[in-house]
Amino acid sequence: MKRCALVTGGSRGIGAATAVKLAARGYDVALSYRTQRTAAEEVAAAIQRLGARALLLQADLADPDQARELVHKAAEGLGALHILVNNAGYVQRLPWDELSLEDWDRMLRVGLTAAFVCARYAVPYMREAGYGRIVNVSSLRALTGAAHGVHYASAKAGLLGLTKSLALALAPYGITVNAVCPGFVATDINREALETRGEEIRAQIPLGRVASPDEVASVIAFLCSEEAGYMTGATVSVNGGLRME
Ligand SMILES: NC(=O)c1ccc[n+]([C@@H]2O[C@H](COP(=O)([O-])OP(=O)(O)OC[C@H]3O[C@@H](n4cnc5c(N)ncnc54)[C@H](OP(=O)(O)O)[C@@H]3O)[C@@H](O)[C@H]2O)c1
């Protein structure tokens with residue numbers, strides 16, 4: 001049987017690029033979307049053109065019940081689940097003292113709790129399949145903080161703790177868990193920032209440009225591969241040299 005992957009937030013940006021990249025490498029792919037069904041259908045069509053199966057699933061990952069159901073539908077629809085890419089996310093740029101408790105709570109649910117819930121229900125399928133890879137899409141902001149996205153940076157930093165903790169817990173089963181921290185990537189999430197401050201942003205990046213979604217997807221796909229079998233609990237920066245550990 002072909003290996004099967006679930007990519008959350010696969011309708012656009014990094015998730016869409018990852019879903020297509022995994023299909024190109026021979027995986028069947030379930031991808032979730034929240035609002036952008038048409039865009040997600042285009043991603044599914046691209047996956048099918050590569051000869052892989054695509055399963056399109058709608059879920060609002062702010063709701064843990066929908067996160068759980070998403071995993072079951074992906075595994076049952078594809079017949080197995082070997083790979084989970086926790087990618088879905090959003091930003092909300094507000095001064096920290098203008099954030100409501102609801103803002104904070106929703107960000108933590110989508111950015112952190114959903115990753116835990118998806119992993120929680122995906123791991124039994126991975127153990128059954130005898131192969132497991134989890135990749136959590138964190139952010140440069142997990143490392144630097146963000147004055148205008150305190151909840152975003154906190155959720156992304158929490159994701160690094162989750163990554164390391166799950167890496168320890170799942171190592172006995174050979175399931176690896178890693179995180180990628182993208183810097184600036186040309187996607188809708190920061191379209192406005194790139195339009196208004198693009199020159200200033202590029203000037204700060206040693207490589208002198210923002211990343212394409214495909215460049216982040218390549219790193220995620222590597223972490224999902226057999227070749228990456230000895231990497232677990234790692235935080236992999238993909239930031240053009242903007243911050244070096
Ligand atoms: N772009 C960057 O510069 C950058 C940098 C660092 C980290 N990241 C991280 O990379 C990940 C992907 O970002 P991106 O740049 O590709 O963003 P994007 O183009 O805006 O795509 C975001 C994806 O997440 C989904 N999503 C958002 N809220 C959701 C929710 N409540 N429930 C379910 N799905 C939801 C969206 O679904 P719909 O489109 O269907 O609504 C979409 O598929 C995010 O976790 C982001 O924080 C991005």
# chains A, B, ... in the order shown; residues from 1 in each chain; ligands from 1
$ select_by_dssp --residues "chain A" --states "strand (DSSP E or B)" --output "PyMOL selection string"
chain A and resi 4-7+28-33+54-58+83-86+133-137+176-182+185+211+235-238
$ write_last_selection --atoms "C-alpha atoms" --output "PDB file, in the first residue's frame"
ATOM      1  CA  CYS A   4      -0.850   8.048   3.277  1.00  0.00           C
ATOM      2  CA  ALA A   5      -0.543  11.599   4.587  1.00  0.00           C
ATOM      3  CA  LEU A   6      -2.834  14.166   6.186  1.00  0.00           C
ATOM      4  CA  VAL A   7      -1.927  17.825   5.666  1.00  0.00           C
ATOM      5  CA  ASP A  28      -1.739   9.547  -1.180  1.00  0.00           C
ATOM      6  CA  VAL A  29      -2.861  12.750   0.499  1.00  0.00           C
ATOM      7  CA  ALA A  30      -5.809  13.922   2.565  1.00  0.00           C
ATOM      8  CA  LEU A  31      -5.908  17.691   2.837  1.00  0.00           C
ATOM      9  CA  SER A  32      -8.106  19.807   5.022  1.00  0.00           C
ATOM     10  CA  TYR A  33      -9.490  23.253   4.357  1.00  0.00           C
ATOM     11  CA  ALA A  54      -6.532  13.065  -2.938  1.00  0.00           C
ATOM     12  CA  LEU A  55      -9.125  13.268  -0.190  1.00  0.00           C
ATOM     13  CA  LEU A  56     -10.649  16.662   0.528  1.00  0.00           C
ATOM     14  CA  LEU A  57     -11.934  17.256   4.056  1.00  0.00           C
ATOM     15  CA  GLN A  58     -13.479  20.346   5.646  1.00  0.00           C
ATOM     16  CA  ILE A  83       2.154  11.024   8.011  1.00  0.00           C
ATOM     17  CA  LEU A  84       0.614  14.021   9.753  1.00  0.00           C
ATOM     18  CA  VAL A  85       1.576  17.580   8.868  1.00  0.00           C
ATOM     19  CA  ASN A  86       0.076  20.021  11.370  1.00  0.00           C
ATOM     20  CA  ARG A 133       6.097  10.929  10.837  1.00  0.00           C
ATOM     21  CA  ILE A 134       4.646  14.065  12.408  1.00  0.00           C
ATOM     22  CA  VAL A 135       5.756  17.509  11.268  1.00  0.00           C
ATOM     23  CA  ASN A 136       4.519  20.598  13.085  1.00  0.00           C
ATOM     24  CA  VAL A 137       4.670  23.895  11.224  1.00  0.00           C
ATOM     25  CA  THR A 176       9.469  10.819  14.587  1.00  0.00           C
ATOM     26  CA  VAL A 177       8.173  14.280  15.452  1.00  0.00           C
ATOM     27  CA  ASN A 178       9.841  17.426  14.158  1.00  0.00           C
ATOM     28  CA  ALA A 179       9.056  21.111  13.728  1.00  0.00           C
ATOM     29  CA  VAL A 180       9.836  23.548  10.958  1.00  0.00           C
ATOM     30  CA  CYS A 181      10.118  27.260  11.651  1.00  0.00           C
ATOM     31  CA  PRO A 182       9.589  29.231   8.426  1.00  0.00           C
ATOM     32  CA  VAL A 185       7.101  32.905   2.991  1.00  0.00           C
ATOM     33  CA  ALA A 211      10.816  31.867   0.590  1.00  0.00           C
ATOM     34  CA  THR A 235      13.443  22.425  15.215  1.00  0.00           C
ATOM     35  CA  VAL A 236      14.401  23.151  11.619  1.00  0.00           C
ATOM     36  CA  SER A 237      14.616  26.806  10.598  1.00  0.00           C
ATOM     37  CA  VAL A 238      13.778  27.735   7.006  1.00  0.00           C
TER      38      VAL A 238
END
$ residues_around --residues "Gly198 of chain A" --least-positions-apart "5" --cutoff "12 Å" --atoms "only C-alpha atoms" --output "list in words"
Phe184, Val185, Ala186, Asn190, Arg191, Glu192, Ala193, Ala203, Gln204, Ile205, Gly208, Arg209 and Val210 of chain A
$ atom_distance --atom1 "atom 26 (N, counted along the ligand's line) of ligand 1" --atom2 "atom CA of Ala17 of chain A"
14.3 Å
$ residues_near_ligand --ligand "ligand 1" --cutoff "6 Å" --atoms "only C-alpha atoms and all ligand atoms" --output "PyMOL selection string"
chain A and resi 9-15+33-36+59-62+87-90+110+137-140+182-190
$ write_last_selection --atoms "N, CA and C atoms" --output "mmCIF file, in the first residue's frame"
data_model
loop_
_atom_site.group_PDB
_atom_site.id
_atom_site.type_symbol
_atom_site.label_atom_id
_atom_site.label_comp_id
_atom_site.auth_asym_id
_atom_site.auth_seq_id
_atom_site.Cartn_x
_atom_site.Cartn_y
_atom_site.Cartn_z
ATOM 1 N N GLY A 9 -4.790 22.382 6.664
ATOM 2 C CA GLY A 9 -4.601 23.670 5.992
ATOM 3 C C GLY A 9 -3.941 23.481 4.638
ATOM 4 N N GLY A 10 -4.466 22.533 3.867
ATOM 5 C CA GLY A 10 -3.853 22.200 2.585
ATOM 6 C C GLY A 10 -4.435 22.953 1.405
ATOM 7 N N SER A 11 -5.311 23.904 1.673
ATOM 8 C CA SER A 11 -5.968 24.604 0.551
ATOM 9 C C SER A 11 -5.106 25.702 -0.052
ATOM 10 N N ARG A 12 -4.138 26.182 0.703
ATOM 11 C CA ARG A 12 -3.355 27.339 0.232
ATOM 12 C C ARG A 12 -1.927 27.241 0.753
ATOM 13 N N GLY A 13 -1.081 28.112 0.240
ATOM 14 C CA GLY A 13 0.231 28.379 0.825
ATOM 15 C C GLY A 13 1.101 27.148 1.052
ATOM 16 N N ILE A 14 1.707 27.100 2.222
ATOM 17 C CA ILE A 14 2.666 26.048 2.563
ATOM 18 C C ILE A 14 1.982 24.673 2.570
ATOM 19 N N GLY A 15 0.761 24.617 3.079
ATOM 20 C CA GLY A 15 0.046 23.337 3.137
ATOM 21 C C GLY A 15 -0.256 22.801 1.750
ATOM 22 N N TYR A 33 -9.319 21.813 4.582
ATOM 23 C CA TYR A 33 -9.490 23.253 4.357
ATOM 24 C C TYR A 33 -10.545 23.718 5.351
ATOM 25 N N ARG A 34 -10.593 25.016 5.562
ATOM 26 C CA ARG A 34 -11.668 25.533 6.411
ATOM 27 C C ARG A 34 -12.699 26.269 5.564
ATOM 28 N N THR A 35 -12.236 27.277 4.773
ATOM 29 C CA THR A 35 -13.179 28.106 4.004
ATOM 30 C C THR A 35 -12.976 27.989 2.493
ATOM 31 N N GLN A 36 -11.751 27.657 2.050
ATOM 32 C CA GLN A 36 -11.398 27.807 0.628
ATOM 33 C C GLN A 36 -11.582 26.503 -0.143
ATOM 34 N N ALA A 59 -12.724 21.147 7.822
ATOM 35 C CA ALA A 59 -12.709 21.149 9.289
ATOM 36 C C ALA A 59 -12.303 22.529 9.786
ATOM 37 N N ASP A 60 -13.003 22.993 10.823
ATOM 38 C CA ASP A 60 -12.522 24.173 11.550
ATOM 39 C C ASP A 60 -11.744 23.645 12.750
ATOM 40 N N LEU A 61 -10.438 23.799 12.701
ATOM 41 C CA LEU A 61 -9.587 23.197 13.726
ATOM 42 C C LEU A 61 -9.581 23.965 15.041
ATOM 43 N N ALA A 62 -10.385 25.018 15.121
ATOM 44 C CA ALA A 62 -10.596 25.651 16.424
ATOM 45 C C ALA A 62 -11.440 24.728 17.307
ATOM 46 N N ASN A 87 -0.219 21.883 9.868
ATOM 47 C CA ASN A 87 0.180 23.116 9.191
ATOM 48 C C ASN A 87 -0.818 24.263 9.343
ATOM 49 N N ALA A 88 -2.098 23.957 9.536
ATOM 50 C CA ALA A 88 -3.121 25.022 9.516
ATOM 51 C C ALA A 88 -2.784 26.108 10.524
ATOM 52 N N GLY A 89 -3.000 27.340 10.135
ATOM 53 C CA GLY A 89 -2.745 28.440 11.063
ATOM 54 C C GLY A 89 -3.181 29.757 10.471
ATOM 55 N N TYR A 90 -3.222 30.759 11.320
ATOM 56 C CA TYR A 90 -3.564 32.103 10.862
ATOM 57 C C TYR A 90 -2.845 33.101 11.752
ATOM 58 N N VAL A 110 -6.358 26.683 17.483
ATOM 59 C CA VAL A 110 -5.988 26.363 16.094
ATOM 60 C C VAL A 110 -4.491 26.033 16.007
ATOM 61 N N VAL A 137 4.213 22.655 11.843
ATOM 62 C CA VAL A 137 4.670 23.895 11.224
ATOM 63 C C VAL A 137 4.563 25.010 12.262
ATOM 64 N N SER A 138 5.725 25.352 12.817
ATOM 65 C CA SER A 138 5.808 26.423 13.803
ATOM 66 C C SER A 138 6.170 27.708 13.062
ATOM 67 N N SER A 139 7.049 28.520 13.629
ATOM 68 C CA SER A 139 7.364 29.807 12.994
ATOM 69 C C SER A 139 8.631 30.389 13.601
ATOM 70 N N LEU A 140 9.277 31.217 12.822
ATOM 71 C CA LEU A 140 10.372 32.053 13.337
ATOM 72 C C LEU A 140 9.928 32.777 14.609
ATOM 73 N N PRO A 182 9.366 28.354 9.580
ATOM 74 C CA PRO A 182 9.589 29.231 8.426
ATOM 75 C C PRO A 182 9.778 30.678 8.878
ATOM 76 N N GLY A 183 10.553 31.410 8.065
ATOM 77 C CA GLY A 183 10.671 32.857 8.290
ATOM 78 C C GLY A 183 9.566 33.549 7.515
ATOM 79 N N PHE A 184 9.922 34.295 6.473
ATOM 80 C CA PHE A 184 8.906 34.947 5.636
ATOM 81 C C PHE A 184 8.692 34.114 4.373
ATOM 82 N N VAL A 185 7.456 33.720 4.158
ATOM 83 C CA VAL A 185 7.101 32.905 2.991
ATOM 84 C C VAL A 185 6.024 33.651 2.209
ATOM 85 N N ALA A 186 6.116 33.602 0.888
ATOM 86 C CA ALA A 186 5.163 34.332 0.040
ATOM 87 C C ALA A 186 3.824 33.601 -0.006
ATOM 88 N N THR A 187 2.983 33.869 0.982
ATOM 89 C CA THR A 187 1.638 33.278 1.029
ATOM 90 C C THR A 187 0.644 34.360 1.440
ATOM 91 N N ASP A 188 -0.641 33.989 1.434
ATOM 92 C CA ASP A 188 -1.691 34.957 1.796
ATOM 93 C C ASP A 188 -1.541 35.468 3.225
ATOM 94 N N ILE A 189 -0.963 34.638 4.100
ATOM 95 C CA ILE A 189 -0.935 34.971 5.533
ATOM 96 C C ILE A 189 -0.185 36.283 5.782
ATOM 97 N N ASN A 190 0.806 36.567 4.950
ATOM 98 C CA ASN A 190 1.539 37.824 5.168
ATOM 99 C C ASN A 190 1.589 38.681 3.898
#
$ residues_around --residues "Gly132 of chain A" --least-positions-apart "3" --cutoff "8 Å" --atoms "only C-alpha atoms" --output "list in words"
His82, Ile83, Val123, Met126, Arg127, Ala129, Gly174, Ile175 and Thr176 of chain A
$ closest_residue --among "A:Pro124, A:Gly158, A:Pro64, A:Gly149" --to "Leu94 of chain A" --atoms "only C-alpha atoms"
A:Gly149
$ select_by_dssp --residues "segment 22-220 of chain A" --states "helix (DSSP H, G or I)" --output "PyMOL selection string"
chain A and resi 22-24+37-49+64-78+96-98+101-129+140-144+150-173+188-204+213-220
$ atom_distance --atom1 "atom CA of Arg37 of chain A" --atom2 "atom CA of Ala19 of chain A"
14.9 Å
$ residues_around --residues "Tyr152 of chain A" --least-positions-apart "5" --cutoff "12 Å" --atoms "only C-alpha atoms" --output "PyMOL selection string"
chain A and resi 89-96+99+103-112+138-147+157-159
$ write_last_selection --atoms "N, CA and C atoms" --output "mmCIF file, in the first residue's frame"
data_model
loop_
_atom_site.group_PDB
_atom_site.id
_atom_site.type_symbol
_atom_site.label_atom_id
_atom_site.label_comp_id
_atom_site.auth_asym_id
_atom_site.auth_seq_id
_atom_site.Cartn_x
_atom_site.Cartn_y
_atom_site.Cartn_z
ATOM 1 N N GLY A 89 -3.000 27.340 10.135
ATOM 2 C CA GLY A 89 -2.745 28.440 11.063
ATOM 3 C C GLY A 89 -3.181 29.757 10.471
ATOM 4 N N TYR A 90 -3.222 30.759 11.320
ATOM 5 C CA TYR A 90 -3.564 32.103 10.862
ATOM 6 C C TYR A 90 -2.845 33.101 11.752
ATOM 7 N N VAL A 91 -2.772 34.336 11.294
ATOM 8 C CA VAL A 91 -2.176 35.379 12.131
ATOM 9 C C VAL A 91 -3.237 36.435 12.455
ATOM 10 N N GLN A 92 -2.984 37.146 13.524
ATOM 11 C CA GLN A 92 -3.850 38.264 13.914
ATOM 12 C C GLN A 92 -2.926 39.303 14.522
ATOM 13 N N ARG A 93 -2.731 40.394 13.807
ATOM 14 C CA ARG A 93 -1.767 41.389 14.275
ATOM 15 C C ARG A 93 -2.464 42.444 15.115
ATOM 16 N N LEU A 94 -2.245 42.354 16.420
ATOM 17 C CA LEU A 94 -2.844 43.308 17.363
ATOM 18 C C LEU A 94 -1.860 43.535 18.498
ATOM 19 N N PRO A 95 -1.815 44.769 19.048
ATOM 20 C CA PRO A 95 -1.011 44.968 20.263
ATOM 21 C C PRO A 95 -1.491 44.009 21.350
ATOM 22 N N TRP A 96 -0.556 43.545 22.180
ATOM 23 C CA TRP A 96 -0.905 42.478 23.128
ATOM 24 C C TRP A 96 -2.043 42.865 24.071
ATOM 25 N N LEU A 99 -5.711 42.294 22.781
ATOM 26 C CA LEU A 99 -6.198 40.933 22.528
ATOM 27 C C LEU A 99 -7.253 40.560 23.562
ATOM 28 N N ASP A 103 -9.709 35.960 21.500
ATOM 29 C CA ASP A 103 -8.628 35.962 20.499
ATOM 30 C C ASP A 103 -7.543 34.976 20.907
ATOM 31 N N TRP A 104 -7.144 35.073 22.171
ATOM 32 C CA TRP A 104 -6.078 34.207 22.703
ATOM 33 C C TRP A 104 -6.486 32.737 22.589
ATOM 34 N N ASP A 105 -7.695 32.460 23.034
ATOM 35 C CA ASP A 105 -8.165 31.077 23.103
ATOM 36 C C ASP A 105 -8.265 30.464 21.713
ATOM 37 N N ARG A 106 -8.804 31.222 20.755
ATOM 38 C CA ARG A 106 -8.944 30.661 19.396
ATOM 39 C C ARG A 106 -7.570 30.383 18.780
ATOM 40 N N MET A 107 -6.635 31.314 18.977
ATOM 41 C CA MET A 107 -5.289 31.120 18.425
ATOM 42 C C MET A 107 -4.646 29.860 19.003
ATOM 43 N N LEU A 108 -4.777 29.686 20.311
ATOM 44 C CA LEU A 108 -4.177 28.500 20.945
ATOM 45 C C LEU A 108 -4.862 27.214 20.479
ATOM 46 N N ARG A 109 -6.162 27.285 20.252
ATOM 47 C CA ARG A 109 -6.887 26.090 19.776
ATOM 48 C C ARG A 109 -6.422 25.685 18.378
ATOM 49 N N VAL A 110 -6.358 26.683 17.483
ATOM 50 C CA VAL A 110 -5.988 26.363 16.094
ATOM 51 C C VAL A 110 -4.491 26.033 16.007
ATOM 52 N N GLY A 111 -3.676 26.830 16.701
ATOM 53 C CA GLY A 111 -2.231 26.743 16.524
ATOM 54 C C GLY A 111 -1.548 25.674 17.363
ATOM 55 N N LEU A 112 -2.195 25.255 18.465
ATOM 56 C CA LEU A 112 -1.519 24.315 19.363
ATOM 57 C C LEU A 112 -2.401 23.104 19.710
ATOM 58 N N SER A 138 5.725 25.352 12.817
ATOM 59 C CA SER A 138 5.808 26.423 13.803
ATOM 60 C C SER A 138 6.170 27.708 13.062
ATOM 61 N N SER A 139 7.049 28.520 13.629
ATOM 62 C CA SER A 139 7.364 29.807 12.994
ATOM 63 C C SER A 139 8.631 30.389 13.601
ATOM 64 N N LEU A 140 9.277 31.217 12.822
ATOM 65 C CA LEU A 140 10.372 32.053 13.337
ATOM 66 C C LEU A 140 9.928 32.777 14.609
ATOM 67 N N ARG A 141 8.634 33.149 14.657
ATOM 68 C CA ARG A 141 8.121 33.917 15.809
ATOM 69 C C ARG A 141 8.120 33.099 17.105
ATOM 70 N N ALA A 142 8.187 31.776 16.995
ATOM 71 C CA ALA A 142 8.322 30.955 18.202
ATOM 72 C C ALA A 142 9.654 31.233 18.877
ATOM 73 N N LEU A 143 10.637 31.628 18.064
ATOM 74 C CA LEU A 143 12.001 31.846 18.559
ATOM 75 C C LEU A 143 12.246 33.301 18.927
ATOM 76 N N THR A 144 11.593 34.218 18.201
ATOM 77 C CA THR A 144 11.871 35.650 18.410
ATOM 78 C C THR A 144 10.809 36.348 19.257
ATOM 79 N N GLY A 145 9.595 35.727 19.370
ATOM 80 C CA GLY A 145 8.467 36.449 19.934
ATOM 81 C C GLY A 145 7.898 37.403 18.905
ATOM 82 N N ALA A 146 6.721 37.966 19.208
ATOM 83 C CA ALA A 146 6.073 38.910 18.289
ATOM 84 C C ALA A 146 5.235 39.874 19.101
ATOM 85 N N ALA A 147 5.642 41.153 19.111
ATOM 86 C CA ALA A 147 4.917 42.140 19.920
ATOM 87 C C ALA A 147 3.485 42.316 19.428
ATOM 88 N N ALA A 157 5.449 28.740 19.901
ATOM 89 C CA ALA A 157 6.467 28.275 20.858
ATOM 90 C C ALA A 157 5.969 27.015 21.564
ATOM 91 N N GLY A 158 4.684 26.991 21.883
ATOM 92 C CA GLY A 158 4.097 25.793 22.493
ATOM 93 C C GLY A 158 4.245 24.576 21.584
ATOM 94 N N LEU A 159 4.142 24.833 20.300
ATOM 95 C CA LEU A 159 4.276 23.753 19.312
ATOM 96 C C LEU A 159 5.678 23.138 19.368
#
$ residues_around --residues "Tyr125 of chain A" --least-positions-apart "3" --cutoff "6 Å" --atoms "only C-alpha atoms" --output "PyMOL selection string"
chain A and resi 81+122+128
$ write_last_selection --atoms "N, CA and C atoms" --output "CSV table (one decimal), in the first residue's frame"
chain,number,residue,atom,x,y,z
A,81,LEU,N,-2.9,5.7,7.7
A,81,LEU,CA,-2.3,7.1,8.0
A,81,LEU,C,-0.9,6.9,8.5
A,122,ALA,N,-3.9,10.4,15.5
A,122,ALA,CA,-3.2,9.8,14.3
A,122,ALA,C,-2.3,8.7,14.7
A,128,GLU,N,-0.3,1.2,13.9
A,128,GLU,CA,-0.8,0.0,13.2
A,128,GLU,C,-0.1,-0.2,11.8
